[in-house]
$ cat model_8.cif   # mmCIF, C-alpha atoms
data_target
#
loop_
_atom_site.label_atom_id
_atom_site.label_comp_id
_atom_site.auth_asym_id
_atom_site.auth_seq_id
_atom_site.Cartn_x
_atom_site.Cartn_y
_atom_site.Cartn_z
CA MET A 1 12.39 17.65 -16.25
CA PRO A 2 12.19 17.87 -20.07
CA PRO A 3 10.86 14.76 -21.81
CA ALA A 4 13.43 12.23 -22.93
CA ILE A 5 13.99 11.63 -26.63
CA LEU A 6 13.79 7.86 -26.75
CA ASN A 7 15.64 5.77 -29.32
CA ALA A 8 12.96 4.28 -31.57
CA ALA A 9 15.15 1.23 -32.28
CA THR A 10 15.16 0.23 -28.59
CA PRO A 11 12.22 -1.79 -27.21
CA THR A 12 9.97 0.37 -25.05
CA ILE A 13 7.45 -0.43 -22.34
CA LEU A 14 4.57 1.85 -21.39
CA LEU A 15 4.38 1.15 -17.65
CA ILE A 16 1.32 2.45 -15.81
CA GLY A 17 2.06 3.07 -12.13
CA ALA A 18 5.87 3.25 -12.00
CA SER A 19 6.61 5.62 -9.14
CA ARG A 20 7.14 3.15 -6.28
CA GLY A 21 7.01 -0.48 -5.17
CA LEU A 22 6.67 -3.14 -7.85
CA GLY A 23 6.16 -0.59 -10.62
CA HIS A 24 9.36 1.28 -9.84
CA ALA A 25 11.25 -2.01 -9.52
CA MET A 26 9.88 -3.16 -12.88
CA ALA A 27 11.01 0.09 -14.51
CA ALA A 28 14.51 -0.37 -13.10
CA GLU A 29 14.66 -3.98 -14.27
CA PHE A 30 13.52 -3.18 -17.81
CA LEU A 31 16.11 -0.40 -17.98
CA THR A 32 18.81 -2.81 -16.81
CA LYS A 33 17.76 -5.19 -19.59
CA GLY A 34 18.21 -2.47 -22.22
CA TRP A 35 14.62 -1.29 -22.65
CA ASN A 36 13.31 2.26 -22.65
CA VAL A 37 10.55 3.10 -20.17
CA VAL A 38 7.62 5.48 -20.47
CA GLY A 39 6.25 5.41 -16.94
CA THR A 40 3.30 7.12 -15.29
CA VAL A 41 3.11 8.74 -11.86
CA ARG A 42 0.27 10.37 -9.97
CA GLY A 43 0.50 14.09 -9.31
CA GLY A 44 3.36 16.43 -10.02
CA GLY A 45 5.77 15.64 -7.18
CA ARG A 46 9.17 14.03 -7.47
CA THR A 47 9.19 10.22 -7.30
CA ARG A 48 11.69 7.38 -7.45
CA LEU A 49 10.99 7.19 -11.18
CA HIS A 50 12.55 10.64 -11.50
CA ASP A 51 15.69 9.24 -9.89
CA LEU A 52 15.75 6.50 -12.54
CA ALA A 53 15.31 9.09 -15.27
CA GLU A 54 18.46 10.83 -14.04
CA ALA A 55 20.41 7.57 -13.71
CA PHE A 56 19.38 6.37 -17.20
CA ALA A 57 19.57 9.61 -19.15
CA GLY A 58 17.56 9.64 -22.37
CA ARG A 59 15.85 6.33 -21.66
CA VAL A 60 12.98 7.29 -19.33
CA GLU A 61 9.96 9.41 -20.12
CA ILE A 62 7.55 10.38 -17.32
CA GLU A 63 3.84 11.00 -17.79
CA ALA A 64 1.21 12.00 -15.22
CA LEU A 65 -1.83 9.75 -14.78
CA ASP A 66 -4.32 8.84 -12.10
CA ILE A 67 -5.96 5.77 -13.64
CA CYS A 68 -9.22 6.51 -11.79
CA GLU A 69 -9.62 9.83 -13.62
CA PRO A 70 -11.01 9.22 -17.14
CA ASP A 71 -10.14 12.76 -18.26
CA GLN A 72 -6.48 12.17 -17.40
CA LEU A 73 -6.51 8.87 -19.29
CA ALA A 74 -8.03 10.54 -22.36
CA ALA A 75 -5.38 13.27 -22.20
CA LEU A 76 -2.59 10.69 -21.99
CA ARG A 77 -4.05 8.80 -24.96
CA ASP A 78 -4.01 12.04 -26.96
CA ARG A 79 -0.40 12.78 -25.97
CA LEU A 80 0.69 9.28 -27.01
CA SER A 81 -1.24 9.30 -30.28
CA GLY A 82 0.93 7.95 -33.08
CA ARG A 83 3.42 6.30 -30.71
CA VAL A 84 4.01 2.53 -30.83
CA PHE A 85 5.11 0.53 -27.77
CA ASP A 86 6.35 -3.04 -27.56
CA MET A 87 4.59 -3.60 -24.25
CA LEU A 88 1.85 -2.00 -22.16
CA PHE A 89 1.75 -3.07 -18.52
CA VAL A 90 -0.75 -1.75 -15.97
CA ASN A 91 0.64 -2.01 -12.45
CA ALA A 92 -1.47 0.50 -10.51
CA GLY A 93 -3.70 -0.82 -7.72
CA VAL A 94 -4.72 -0.55 -4.06
CA THR A 95 -5.48 -2.81 -1.12
CA ASN A 96 -7.66 -2.48 1.96
CA ASP A 97 -7.97 -3.90 5.47
CA ALA A 98 -7.16 -7.60 5.05
CA LYS A 99 -9.53 -8.60 7.86
CA GLU A 100 -12.53 -6.67 6.55
CA THR A 101 -15.13 -9.08 5.20
CA ILE A 102 -17.67 -8.40 2.48
CA ALA A 103 -20.24 -8.18 5.27
CA GLU A 104 -18.33 -5.35 6.94
CA VAL A 105 -16.94 -3.22 4.12
CA THR A 106 -18.61 0.11 3.47
CA THR A 107 -20.05 0.81 0.05
CA ASP A 108 -17.56 3.64 -0.48
CA GLU A 109 -14.58 1.42 0.35
CA PHE A 110 -15.89 -1.39 -1.86
CA ILE A 111 -16.28 1.05 -4.75
CA ARG A 112 -12.79 2.49 -4.19
CA VAL A 113 -11.11 -0.92 -4.37
CA MET A 114 -13.17 -2.24 -7.27
CA VAL A 115 -12.82 0.91 -9.37
CA THR A 116 -9.06 1.12 -8.78
CA ASN A 117 -8.25 -2.58 -9.17
CA ALA A 118 -10.75 -3.81 -11.77
CA LEU A 119 -12.49 -1.06 -13.72
CA SER A 120 -9.66 1.45 -14.12
CA PRO A 121 -6.94 -1.00 -15.30
CA MET A 122 -9.29 -2.27 -17.99
CA ARG A 123 -10.11 1.27 -19.05
CA VAL A 124 -6.37 1.78 -19.50
CA ILE A 125 -6.07 -1.39 -21.59
CA GLU A 126 -9.07 -0.45 -23.73
CA SER A 127 -7.89 3.13 -24.22
CA LEU A 128 -4.16 2.62 -24.78
CA GLN A 129 -4.08 -0.75 -26.58
CA PRO A 130 -4.02 1.01 -30.00
CA CYS A 131 -0.56 2.30 -29.01
CA VAL A 132 0.81 -1.26 -28.72
CA ALA A 133 2.47 -2.97 -31.66
CA ALA A 134 0.42 -5.60 -33.50
CA THR A 135 2.75 -8.29 -32.11
CA GLY A 136 3.29 -6.57 -28.76
CA LEU A 137 2.19 -7.51 -25.25
CA LEU A 138 -0.64 -6.29 -23.04
CA GLY A 139 -0.17 -7.03 -19.34
CA VAL A 140 -1.95 -6.27 -16.08
CA MET A 141 -0.81 -6.83 -12.51
CA SER A 142 -3.27 -9.24 -10.98
CA SER A 143 -2.63 -11.39 -7.91
CA GLY A 144 -2.67 -15.02 -6.92
CA GLN A 145 -5.45 -13.96 -4.58
CA GLY A 146 -7.62 -13.38 -7.64
CA SER A 147 -7.72 -17.15 -8.21
CA VAL A 148 -11.14 -18.55 -7.31
CA SER A 149 -9.80 -22.12 -7.30
CA ASN A 150 -6.98 -21.32 -4.89
CA ASN A 151 -9.08 -19.47 -2.33
CA GLU A 152 -9.11 -21.93 0.56
CA THR A 153 -8.32 -19.55 3.41
CA GLY A 154 -10.55 -16.54 2.85
CA MET A 155 -9.23 -13.20 4.17
CA ARG A 156 -8.67 -10.14 1.99
CA GLU A 157 -12.16 -10.70 0.61
CA VAL A 158 -12.65 -7.32 -1.05
CA TYR A 159 -9.15 -7.34 -2.55
CA ARG A 160 -9.58 -10.92 -3.77
CA GLY A 161 -12.90 -10.01 -5.37
CA SER A 162 -11.40 -7.02 -7.16
CA LYS A 163 -8.61 -9.12 -8.66
CA ALA A 164 -11.00 -11.93 -9.64
CA ALA A 165 -13.13 -9.29 -11.38
CA LEU A 166 -10.05 -7.93 -13.14
CA ASN A 167 -9.21 -11.44 -14.36
CA MET A 168 -12.73 -11.91 -15.71
CA TYR A 169 -12.72 -8.57 -17.51
CA MET A 170 -9.34 -9.33 -19.06
CA ARG A 171 -10.66 -12.70 -20.25
CA SER A 172 -13.59 -10.91 -21.84
CA PHE A 173 -11.20 -8.47 -23.52
CA ALA A 174 -9.12 -11.38 -24.82
CA ALA A 175 -12.26 -13.10 -26.16
CA ARG A 176 -13.24 -9.94 -28.04
CA HIS A 177 -9.74 -9.76 -29.52
CA SER A 178 -9.24 -13.47 -30.13
CA GLY A 179 -7.77 -12.92 -33.58
CA THR A 180 -4.93 -10.68 -32.42
CA ALA A 181 -1.27 -11.64 -32.60
CA ARG A 182 -0.64 -9.87 -29.30
CA ALA A 183 0.37 -11.68 -26.15
CA MET A 184 -1.69 -10.96 -23.03
CA VAL A 185 -0.73 -11.63 -19.42
CA LEU A 186 -2.40 -11.40 -16.04
CA MET A 187 0.57 -11.42 -13.67
CA ALA A 188 0.63 -12.73 -10.09
CA PRO A 189 3.81 -11.27 -8.56
CA GLY A 190 3.64 -13.20 -5.29
CA TRP A 191 3.32 -11.64 -1.85
CA VAL A 192 6.10 -9.05 -1.95
CA ARG A 193 7.52 -6.79 0.76
CA THR A 194 6.47 -3.37 -0.53
CA GLU A 195 4.49 -0.51 0.95
CA MET A 196 1.33 -2.26 -0.25
CA GLY A 197 2.42 -5.84 0.52
CA GLY A 198 3.65 -5.00 4.00
CA PRO A 199 6.71 -6.09 6.01
CA ASP A 200 5.53 -9.66 6.61
CA ALA A 201 5.35 -10.63 2.94
CA ARG A 202 7.18 -13.79 1.90
CA LEU A 203 9.14 -12.37 -1.04
CA SER A 204 11.55 -9.49 -1.48
CA ILE A 205 11.36 -7.30 -4.56
CA GLU A 206 14.59 -8.99 -5.70
CA ASP A 207 12.90 -12.40 -5.45
CA SER A 208 9.91 -11.35 -7.55
CA VAL A 209 10.55 -8.58 -10.04
CA PRO A 210 13.56 -9.81 -12.08
CA ASN A 211 11.76 -13.12 -12.63
CA LEU A 212 8.48 -11.36 -13.38
CA VAL A 213 10.13 -9.21 -16.06
CA ASN A 214 11.77 -12.29 -17.57
CA VAL A 215 8.35 -13.94 -17.80
CA LEU A 216 6.88 -10.94 -19.62
CA ILE A 217 9.75 -10.74 -22.08
CA ALA A 218 9.55 -14.50 -22.76
CA LYS A 219 5.80 -14.24 -23.39
CA GLN A 220 6.35 -11.78 -26.27
CA GLY A 221 5.37 -13.23 -29.63
CA LYS A 222 3.08 -15.85 -28.06
CA PRO A 223 -0.53 -14.80 -28.72
CA GLY A 224 -3.33 -15.42 -26.26
CA LEU A 225 -4.06 -14.68 -22.62
CA GLN A 226 -2.34 -16.44 -19.73
CA TYR A 227 -2.62 -16.02 -15.95
CA LEU A 228 0.94 -16.53 -14.72
CA ASP A 229 2.97 -16.14 -11.55
CA TYR A 230 6.37 -14.48 -11.29
CA LEU A 231 8.11 -17.77 -12.14
CA GLY A 232 6.03 -18.31 -15.27
CA ARG A 233 3.78 -20.96 -13.74
CA ILE A 234 0.11 -21.06 -14.74
CA VAL A 235 -2.23 -19.85 -11.99
CA PRO A 236 -5.65 -21.59 -11.94
CA TRP A 237 -8.58 -19.29 -12.64
#

$ encode --input "model_8.cif" --output "structure tokens"
Amino acid sequence: MPPAILNAATPTILLIGASRGLGHAMAAEFLTKGWNVVGTVRGGGRTRLHDLAEAFAGRVEIEALDICEPDQLAALRDRLSGRVFDMLFVNAGVTNDAKETIAEVTTDEFIRVMVTNALSPMRVIESLQPCVAATGLLGVMSSGQGSVSNNETGMREVYRGSKAALNMYMRSFAARHSGTARAMVLMAPGWVRTEMGGPDARLSIEDSVPNLVNVLIAKQGKPGLQYLDYLGRIVPW
């Protein structure tokens, strides 16, 4: 599919991880609200984002990126050089066996989850933030399970730790960029019925994503970092 020629006068989001689940739903919602979408997918196969590109002709651009591959991230940064986006949102992430404790997880599995959920999203933010407008928004998909204060039940220990680490790294990034006019958001989407969230999750995509997108749009123009849920409520660190 040839790249779309996006209208520069239309607000545009650079959405990392837009091929399925919450990322695909976010792309669809932003398109419905009149935004353009530059979305990334892993590999070269057809995805649901390609279906959106056909349904919203001229408003979707698809880029290839595996966020765990630094060479691919550097290549994407080069391809986007000179572009300016109103919003950068990093959605990509993984989970693991919810019952596996930190005492049981293998080193390889621990590394996989931490690199994908904590290190790689921050590498994306660090690398691609120059492409975001001076008054734009930088966002990352976190989780309510990344809240240290709210952890009263345990479970999902490795996943929780990866999201808590992501939150800490984003706070460090915000501290280093404390003078910026950009808004920054760590988003907790709720437990949503997706391939990753599973069939027992409390929320449907329709419950979460339209509200989540509204929260991001409302946060524009409000500098500083916030950890918010899909209804715009502050999540305790």

$ resolve_selection --input "model_8.cif" --expression "the PyMOL selection byres ((chain A and resi 70-77) around 9)" --output "ChimeraX atom specification"
/A:63-69,78-81,120,123-124,127-128,131

$ atom_distance --input "model_8.cif" --atom1 "atom CA of A:Ala9" --atom2 "atom CA of A:Leu212"
23.7 Å

$ residues_near_point --input "model_8.cif" --point "(4.1, -6.2, -24.1)" --cutoff "6 Å" --atoms "all atoms listed in the file" --output "ChimeraX atom specification"
/A:86-88,136-138

$ closest_residue --input "model_8.cif" --among "A:Gly190, A:Gly154, A:Pro130, A:Gly221" --to "A:Asp207" --atoms "all atoms listed in the file"
A:Gly190

$ residues_near_point --input "model_8.cif" --point "(0.4, -12.4, -15.4)" --cutoff "6 Å" --atoms "all atoms listed in the file" --output "list in words"
Val185, Leu186, Met187, Ala188, Tyr227, Leu228 and Asp229 of chain A

$ residues_around --input "model_8.cif" --residues "stretch 102-113 of chain A" --least-positions-apart "4" --cutoff "8 Å" --atoms "only C-alpha atoms" --output "number ranges by chain"
A: 94-96, 117-118, 157-159, 162

$ atom_distance --input "model_8.cif" --atom1 "atom CA of A:Ala183" --atom2 "atom CA of A:Ala134"
9.5 Å

$ closest_residue --input "model_8.cif" --among "A:Val209, A:Met155, A:Val41, A:Leu15" --to "A:Ala98" --atoms "all atoms listed in the file"
A:Met155

$ atom_distance --input "model_8.cif" --atom1 "atom CA of A:Met122" --atom2 "atom CA of A:Phe89"
11.1 Å

$ resolve_selection --input "model_8.cif" --expression "the PyMOL selection byres ((chain A and resi 177) around 12)" --output "VMD selection string"
chain A and resid 126 129 134 138 170 to 176 178 to 184 223 to 225

$ closest_residue --input "model_8.cif" --among "A:Val115, A:Leu6, A:Gly17, A:Gly34" --to "A:Ile217" --atoms "all atoms listed in the file"
A:Gly34

$ resolve_selection --input "model_8.cif" --expression "the PyMOL selection byres ((chain A and resi 23) around 12)" --output "PyMOL selection string"
chain A and resi 13-22+24-30+37-41+47-49+89-93+140-141+189+194-196+205+208-210+212-213

$ axis_aligned_box --input "model_8.cif" --around "stretch 87-103 of chain A" --padding-each-side "3 Å" --output "JSON"
{"center_x": -7.8, "center_y": -4.3, "center_z": -8.2, "size_x": 30.8, "size_y": 15.6, "size_z": 38.1}
